[in-house]
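Below is one structure, written out as structure tokens; comments come after it.
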Amino acid sequence: MIFYDDNNLDVIEKDLRYLQLLSKEYPTISSASTEIINLQAILNLPKATEHFISDIHGEYESFTHMLRNASGVIKRKIDDVFGNSLSEDQKAALATVVYYPEKKLELIKEKETDLTDWYRVTLYQLIELCKNVSSKYTRSKVRKALPEDFSYIIDELLNEQEDRVDKQAYYNGIIKTIIDIDRAPEFIIAISNVIQRLVVDRLHIIGDIYDRGPGAEIIMDALMDHHSVDVQWGNHDMLWMGAASGCEACVANVLRISLRYANLKTVEDGYGINLLPLATFALEFYRDDPCRSFTPRTLDKKVNKNELQLLAKMHKAIAIMQFKIEGQIIKRHPEFKMDDRLLLDKIDSKKWEITVYGHTYKLNDTSFPTMDWNDPYKLTGREEEIIEKLTDSFVNSEKLQRHIKFLYGKGSMYLVYNSNLLYHGCIPLNKDGSLKEVKIGKISYSGKKLMDRYDRIARDAYFLKPDSAAKNYAMDMVWYMWCGEDSPMFGKTRMTTFERYFIDDEESHYEPKTYYYQYRDNEQVCRNILAEFNLNPDNSHIINGHIPVKTKEGESPIKANGKLLVIDGGFCKAYQPETGIAGYTLIYNSYGLLLTSHKPFSAIKNAVEQDKDIISSTIILEHAAKRKRVADTDIGKELKKQIADLEKLLIAYRKGLIKEYNNNDVE
């Protein structure tokens with residue numbers, strides 16, 4: 001309680017208008033006092049668990065499993081609750097029930113001879129587990145997480161009265177009745193979902209939901225259903241955000257990447273984008289072209305020869321359009337300083353050579369049927385027609401627009417949360433490690449202000465009036481964020497897409513990283529970045545994704561003496577041969593930070609049928625000497641402000657500055 005003297009009453013009088021509004025919600029001394037007690041109690045609860053995932057790249061099965069098992073948190077809870085009373089196989093089976101209750105129940109009904117006994121045992125186990133995971137929350141918060149059909153029953157079972165004489169009989173009676181009236185399956189599903197809901201309070205996605213993998217739209221649906229999530233945009237997310245805004249360069253890039261990985265499921269089935277015009281165009285202009293450099297990377301997908309040839313032709317057709325459209329953007333914006341990426345006009349169409357960065361290379365492909373060598377960046381009439389139709393499909397896809405609006409609503413360039421700084425890629429730095437000044441328009445920005453400016457531009461690209469000059473500029477900037485040197489999402493000096501297709505010499509494919517990647521293992525530079533975002537460098541961390549950690553080469557995800565953590569470990573199957581693992585995830589609970597590396601996930605089918613979990617290894621990064629409480633979090637800071645306001649309201653009531661309201665008062 002704060003005690004006010006007569007001078008401090010001036011503060012209350014200044015806030016009187018706000019306090020009068022607050023009194024509508026807490027109309028009496030009793031109600032305000034009760035709320036203070038409630039909030040103080042919440043401050044003393046253990047800090048809720050946060051879950052960090054990065055660079056999902058459409059791998060929806062791995063992501064779904066990681067979300068359901070909370071990167072091993074549920075398995076650890078099962079170990080805590082049951083210890084040696086259950087065998088490892090029994091604990092694995094129980095974990096699978098929690099992860100996939102509907103699917104597991106279907107199998108159990110086919111295999112179990114004594115279904116009633118299985119229901120009874122499983123219900124007891126799930127209730128004990130649910131008690132454990134709900135113990136760090138208020139009863140009110142747990143109630144809000146309960147499904148309507150079973151909220152009363154679950155609440156009773158979770159909060160049974162220890163001093164009741166008939167406690168066990170009462171408890172057993174509820175379980176028996178649930179089974180007798182054939183509601184056990186629904187109850188198991190309900191309480192499993194509650195456990196999943198409570199075991200992680202906040203989910204952080206550190207960028208790159210989209211591209212490469214087959215199910216980005218499935219991931220987006222799951223995120224939209226999640227109770228508490230935020231997203232720090234990655235460069236691949238920004239590409240889709242630009243495409244949904246109507247940026248033709250982003251549309252071309254999205255389709256080129258989808259075709260590169262033979263992954264049209266998200267585009268066609270997920271979002272209903274009609275690719276028939278592109279296929280027709282590709283067959284007309286590239287019919288006799290083998291398009292060898294454009295043969296898709298199928299990974300483990302089975303694609304027949306004819307389909308592969310069509311995809312290669314479509315791939316080349318959209319890539320050529322992309323290079324032309326990007327050239328137009330670069331010419332419109334000399335301030336982007338990307339003239340070195342104007343390559344089409346550097347092609348010698350007689351020798352079929354190109355000079356790039358002082359080196360001359362032979363082209364491996366000489367078929368350019370839509371190119372006007374006098375104006376190589378000009379789209380043909382047919383190309384303009386195709387790209388307009390494709391862009392219209394992106395802009396008018398209801399499901400895509402719904403997902404992108406969610407990304408804008410829950411997303412940002414960066415997030416400061418509970419003493420952690422989250423962003424996908426990097427902060428532009430100078431050669432000496434200081435914050436780089438980047439000129440946008442007539443104003444230079446660096447550090448936090450630069451990130452804020454990019455965030456505003458990304459929103460302008462989507463929300464401003466179509467065809468306005470400001471929106472068109474913002475859409476060009478969104479493309480720049482995808483591949484520009486001073487983009488905090490890209491972090492390289494150039495993107496050598498053209499070279500990878502048309503030049504065999506891998507020397508030309510090299511994409512130098514920016515200075516950030518020279519300094520991200522430098523503790524002082526990381527401390528300076530944290531300070532720039534108003535964080536205490538002594539107890540704060542930077543959490544990044546974007547660049548896969550090459551674990552099999554001995555690289556560590558822990559940088560700068562633990563000040564910076566990289567959690568892109570290769571969710572995407574295309575990266576796994578390079579990284580040697582299938583992703584890092586991070587858990588931040590009341591005891592500290594846990595970094596988990598994961599082996600490749602086979603399939604949800606195997607998880608359900610064989611109780612196969614992802615094989616994971618966990619490193620304790622930090623272990624708090626004193627368990628963190630809600631009071632130590634950002635939510636705690638807000639609760640303390642609310643308590644201070646309520647204490648002022650109490651003083652206002654007691655000093656007669658505000659009148660208590662009771663039911664006898666007449667307004």
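If you're wondering about the labels, chains in the structure tokens are A, B, ... by order shown, residues count from 1 in each chain, ligands from 1 in order shown.
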key: Nearby residues (only C-alpha atoms) at most 10 Å from stretch 498-504 of chain A, same-chain spacing under 5 positions excluded, as a PyMOL selection string   = chain A and resi 291-294+316+319-320+322-323+341+343-344+353-354+356+361-366+509-510
ask   = Could you name the residues that touch A:Ser556 at 12 Å or less, counting only C-alpha atoms, but leaving out those on the same chain fewer than 6 positions away, as a ChimeraX atom specification?
value = /A:521,548-550,562,564-569,579,584,595,597,619
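Closest approach to A:Lys648 from the set A:Tyr588, A:Tyr18, A:Phe571, A:Tyr423 is made by A:Tyr18, with distances taken over only C-alpha atoms.
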message = Could you tell me how far atom CA of A:Tyr100 sits from atom CA of A:Asp611, in Å to one decimal place?
response =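 Between atom CA of A:Asp611 and atom CA of A:Tyr100 the gap is 10.1 Å.
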ask   = So which bits of stretch 156-201 of chain A end up alpha helix (DSSP H) when you DSSP the backbone, as a ChimeraX atom specification?
value = /A:156-158,167-180,184-199
As an mmCIF file with all heavy atoms, in the first residue's frame, please: the residues near stretch 266-283 of chain A (cut-off 6 Å, only C-alpha atoms, same-chain neighbours under 5 positions excluded).
```cif
data_model
loop_
_atom_site.group_PDB
_atom_site.id
_atom_site.type_symbol
_atom_site.label_atom_id
_atom_site.label_comp_id
_atom_site.auth_asym_id
_atom_site.auth_seq_id
_atom_site.Cartn_x
_atom_site.Cartn_y
_atom_site.Cartn_z
ATOM 1 N N GLY A 215 3.245 -26.673 -46.289
ATOM 2 C CA GLY A 215 2.008 -26.355 -45.579
ATOM 3 C C GLY A 215 2.012 -25.077 -44.784
ATOM 4 O O GLY A 215 1.551 -25.059 -43.634
ATOM 5 N N GLU A 217 0.120 -22.537 -45.086
ATOM 6 C CA GLU A 217 -1.250 -22.119 -44.761
ATOM 7 C C GLU A 217 -1.813 -22.911 -43.579
ATOM 8 O O GLU A 217 -2.616 -22.395 -42.795
ATOM 9 C CB GLU A 217 -2.158 -22.248 -45.996
ATOM 10 C CG GLU A 217 -2.663 -23.638 -46.331
ATOM 11 C CD GLU A 217 -1.629 -24.544 -46.987
ATOM 12 O OE1 GLU A 217 -0.457 -24.127 -47.122
ATOM 13 O OE2 GLU A 217 -1.989 -25.673 -47.365
ATOM 14 N N LYS A 313 9.668 -25.267 -66.824
ATOM 15 C CA LYS A 313 9.347 -24.210 -67.792
ATOM 16 C C LYS A 313 8.647 -23.038 -67.102
ATOM 17 O O LYS A 313 8.946 -21.864 -67.365
ATOM 18 C CB LYS A 313 8.478 -24.778 -68.921
ATOM 19 C CG LYS A 313 9.171 -25.859 -69.751
ATOM 20 C CD LYS A 313 8.272 -26.410 -70.830
ATOM 21 C CE LYS A 313 8.813 -27.720 -71.412
ATOM 22 N NZ LYS A 313 10.188 -27.643 -71.908
ATOM 23 N N MET A 314 7.704 -23.356 -66.215
ATOM 24 C CA MET A 314 7.028 -22.301 -65.455
ATOM 25 C C MET A 314 8.023 -21.558 -64.573
ATOM 26 O O MET A 314 7.958 -20.327 -64.425
ATOM 27 C CB MET A 314 5.919 -22.918 -64.600
ATOM 28 C CG MET A 314 4.772 -23.523 -65.388
ATOM 29 S SD MET A 314 3.664 -24.527 -64.345
ATOM 30 C CE MET A 314 2.914 -23.262 -63.304
ATOM 31 N N ALA A 317 10.033 -19.201 -66.709
ATOM 32 C CA ALA A 317 9.200 -18.105 -67.202
ATOM 33 C C ALA A 317 9.013 -17.031 -66.126
ATOM 34 O O ALA A 317 9.164 -15.832 -66.393
ATOM 35 C CB ALA A 317 7.845 -18.651 -67.650
ATOM 36 N N SER A 393 -4.744 -12.518 -58.440
ATOM 37 C CA SER A 393 -5.093 -13.735 -57.693
ATOM 38 C C SER A 393 -4.617 -13.643 -56.249
ATOM 39 O O SER A 393 -5.327 -14.062 -55.325
ATOM 40 C CB SER A 393 -4.479 -14.973 -58.365
ATOM 41 O OG SER A 393 -5.134 -15.275 -59.569
ATOM 42 N N LYS A 399 -8.435 -16.311 -48.301
ATOM 43 C CA LYS A 399 -7.695 -16.972 -47.219
ATOM 44 C C LYS A 399 -6.322 -16.342 -47.024
ATOM 45 O O LYS A 399 -5.878 -16.122 -45.887
ATOM 46 C CB LYS A 399 -7.552 -18.458 -47.508
ATOM 47 C CG LYS A 399 -6.955 -19.245 -46.347
ATOM 48 C CD LYS A 399 -7.059 -20.739 -46.569
ATOM 49 C CE LYS A 399 -6.596 -21.510 -45.348
ATOM 50 N NZ LYS A 399 -6.772 -22.969 -45.495
ATOM 51 N N LEU A 400 -5.635 -16.026 -48.118
ATOM 52 C CA LEU A 400 -4.326 -15.377 -47.994
ATOM 53 C C LEU A 400 -4.476 -14.027 -47.302
ATOM 54 O O LEU A 400 -3.693 -13.685 -46.406
ATOM 55 C CB LEU A 400 -3.694 -15.197 -49.373
ATOM 56 C CG LEU A 400 -2.371 -14.411 -49.391
ATOM 57 C CD1 LEU A 400 -1.299 -15.128 -48.569
ATOM 58 C CD2 LEU A 400 -1.886 -14.186 -50.818
#
```
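From atom CA of A:Trp240 back to atom CA of A:Val303, the distance works out to 25.2 Å.
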request  = Can you work out the spacing between atom CA of A:Ile56 and atom CA of A:Tyr210 in Å, to one decimal?
outcome  =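 Taking atom CA of A:Ile56 and atom CA of A:Tyr210, their separation equals 7.3 Å.
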message = Give me, as an MDAnalysis selection string, all polymer residues having an atom no more than 12 Å from A:Ile189, counting only C-alpha atoms and skipping those fewer than 2 positions away in the same chain.
response = chainID A and resid 96:106 119 122:123 126 146:147 149:150 183:187 191:196
message = Among stretch 146-297 of chain A, which ones does DSSP assign to strand (DSSP E or B) (computed from the backbone)? Answer as a PyMOL selection string.
response = chain A and resi 202-205+229-232
Requested write-out: N, CA and C atoms of the selected residues, as a PDB file, in the first residue's frame:
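The result, written out as result_17.pdb:
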```
ATOM      1  N   ARG A 202       2.864 -18.403 -23.771  1.00  0.00           N
ATOM      2  CA  ARG A 202       3.107 -17.460 -24.883  1.00  0.00           C
ATOM      3  C   ARG A 202       3.994 -18.111 -25.924  1.00  0.00           C
ATOM      4  N   LEU A 203       3.605 -17.999 -27.184  1.00  0.00           N
ATOM      5  CA  LEU A 203       4.375 -18.545 -28.300  1.00  0.00           C
ATOM      6  C   LEU A 203       4.965 -17.391 -29.104  1.00  0.00           C
ATOM      7  N   HIS A 204       6.286 -17.435 -29.319  1.00  0.00           N
ATOM      8  CA  HIS A 204       6.969 -16.431 -30.139  1.00  0.00           C
ATOM      9  C   HIS A 204       7.469 -17.097 -31.423  1.00  0.00           C
ATOM     10  N   ILE A 205       7.077 -16.573 -32.563  1.00  0.00           N
ATOM     11  CA  ILE A 205       7.571 -17.062 -33.856  1.00  0.00           C
ATOM     12  C   ILE A 205       8.567 -16.035 -34.389  1.00  0.00           C
ATOM     13  N   VAL A 229       0.076 -15.502 -29.162  1.00  0.00           N
ATOM     14  CA  VAL A 229       1.193 -15.642 -30.097  1.00  0.00           C
ATOM     15  C   VAL A 229       1.605 -14.278 -30.634  1.00  0.00           C
ATOM     16  N   ASP A 230       2.885 -14.140 -30.935  1.00  0.00           N
ATOM     17  CA  ASP A 230       3.375 -12.981 -31.665  1.00  0.00           C
ATOM     18  C   ASP A 230       4.348 -13.466 -32.733  1.00  0.00           C
ATOM     19  N   VAL A 231       4.541 -12.654 -33.760  1.00  0.00           N
ATOM     20  CA  VAL A 231       5.399 -13.022 -34.892  1.00  0.00           C
ATOM     21  C   VAL A 231       6.346 -11.869 -35.183  1.00  0.00           C
ATOM     22  N   GLN A 232       7.635 -12.174 -35.286  1.00  0.00           N
ATOM     23  CA  GLN A 232       8.590 -11.186 -35.788  1.00  0.00           C
ATOM     24  C   GLN A 232       8.845 -11.552 -37.252  1.00  0.00           C
TER      25      GLN A 232
END
```
Can you list every residue of stretch 540-650 of chain A that has an atom at most 12 Å from stretch 472-490 of chain A, with its nearest atom pair and the distance in Å to one decimal, using only C-alpha atoms, ordered by chain then number, as CSV?
```
residue,atom,partner,partner_atom,distance
A:Asn544,CA,A:Met489,CA,10.5
A:Gly545,CA,A:Met489,CA,9.8
A:His546,CA,A:Met489,CA,7.8
A:Ile547,CA,A:Phe490,CA,9.5
```
task = For each of A:Ala531, A:Leu94, A:Gly411, A:Arg459, take the minimum atom-to-atom distance to A:Val608, counting only C-alpha atoms, then give the residue where this is smallest.
result =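 Of the candidates, the smallest distance to A:Val608 is held by A:Leu94.
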ask   = Near A:Ser62, within 8 Å and counting only C-alpha atoms, which residues show up once chain neighbours fewer than 3 positions away are dropped, as JSON, numbers by chain?
value = {"A": [59, 65, 66, 571, 601, 603]}
note = The residue from A:Ser434, A:Asn235, A:Gln401, A:Asn606 with the smallest atom-to-atom distance to A:Gly491, counting only C-alpha atoms, is A:Asn235
request  = Just the residues within 12 Å of A:Tyr591, please, counting only C-alpha atoms, with nothing from its chain fewer than 5 positions along; format it as a PyMOL selection string.
outcome  = chain A and resi 46-50+620-629
Just to be explicit: take each residue in the selection above, keep N, CA, C and O atoms, and write the result as a tab-separated table (two decimals), in the first residue's frame.
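Written file, out_16.tsv:
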```
chain	number	residue	atom	x	y	z
A	46	PRO	N	4.56	-18.22	-10.16
A	46	PRO	CA	5.73	-18.43	-11.02
A	46	PRO	C	5.51	-17.83	-12.40
A	46	PRO	O	4.37	-17.83	-12.91
A	47	LYS	N	6.56	-17.34	-13.00
A	47	LYS	CA	6.49	-16.81	-14.37
A	47	LYS	C	5.99	-17.89	-15.32
A	47	LYS	O	6.42	-19.04	-15.25
A	48	ALA	N	5.10	-17.53	-16.23
A	48	ALA	CA	4.56	-18.48	-17.20
A	48	ALA	C	5.62	-18.84	-18.25
A	48	ALA	O	6.58	-18.09	-18.47
A	49	THR	N	5.44	-19.98	-18.90
A	49	THR	CA	6.42	-20.49	-19.86
A	49	THR	C	6.23	-19.84	-21.24
A	49	THR	O	5.11	-19.75	-21.74
A	50	GLU	N	7.35	-19.43	-21.83
A	50	GLU	CA	7.36	-18.91	-23.20
A	50	GLU	C	8.07	-19.91	-24.12
A	50	GLU	O	9.03	-20.56	-23.71
A	620	ILE	N	20.67	-26.34	-20.65
A	620	ILE	CA	20.23	-25.29	-19.73
A	620	ILE	C	21.17	-24.10	-19.92
A	620	ILE	O	22.35	-24.15	-19.57
A	621	LEU	N	20.64	-23.03	-20.52
A	621	LEU	CA	21.47	-21.85	-20.78
A	621	LEU	C	21.66	-21.01	-19.52
A	621	LEU	O	22.73	-20.51	-19.24
A	622	GLU	N	20.56	-20.83	-18.81
A	622	GLU	CA	20.60	-20.05	-17.58
A	622	GLU	C	19.65	-20.69	-16.58
A	622	GLU	O	18.55	-21.08	-16.94
A	623	HIS	N	20.09	-20.80	-15.35
A	623	HIS	CA	19.22	-21.34	-14.30
A	623	HIS	C	19.15	-20.29	-13.19
A	623	HIS	O	20.16	-19.93	-12.60
A	624	ALA	N	17.93	-19.79	-12.98
A	624	ALA	CA	17.75	-18.72	-12.00
A	624	ALA	C	18.00	-19.23	-10.59
A	624	ALA	O	17.49	-20.28	-10.19
A	625	ALA	N	18.82	-18.49	-9.85
A	625	ALA	CA	19.05	-18.84	-8.45
A	625	ALA	C	17.75	-18.73	-7.66
A	625	ALA	O	17.48	-19.51	-6.75
A	626	LYS	N	16.94	-17.76	-8.04
A	626	LYS	CA	15.63	-17.57	-7.42
A	626	LYS	C	14.59	-17.67	-8.52
A	626	LYS	O	14.70	-17.00	-9.55
A	627	ARG	N	13.61	-18.52	-8.32
A	627	ARG	CA	12.59	-18.74	-9.34
A	627	ARG	C	11.89	-17.43	-9.71
A	627	ARG	O	11.47	-16.67	-8.84
A	628	LYS	N	11.79	-17.17	-11.04
A	628	LYS	CA	11.16	-15.93	-11.48
A	628	LYS	C	9.66	-15.97	-11.22
A	628	LYS	O	9.01	-16.99	-11.40
A	629	ARG	N	9.15	-14.83	-10.83
A	629	ARG	CA	7.73	-14.68	-10.56
A	629	ARG	C	7.09	-13.78	-11.61
A	629	ARG	O	7.80	-13.10	-12.37
```
task = Find the residues around A:His236 up to 9 Å (only C-alpha atoms counted), leave out those fewer than 5 positions away in its own chain, and share them as a count of residues only.
result = 10
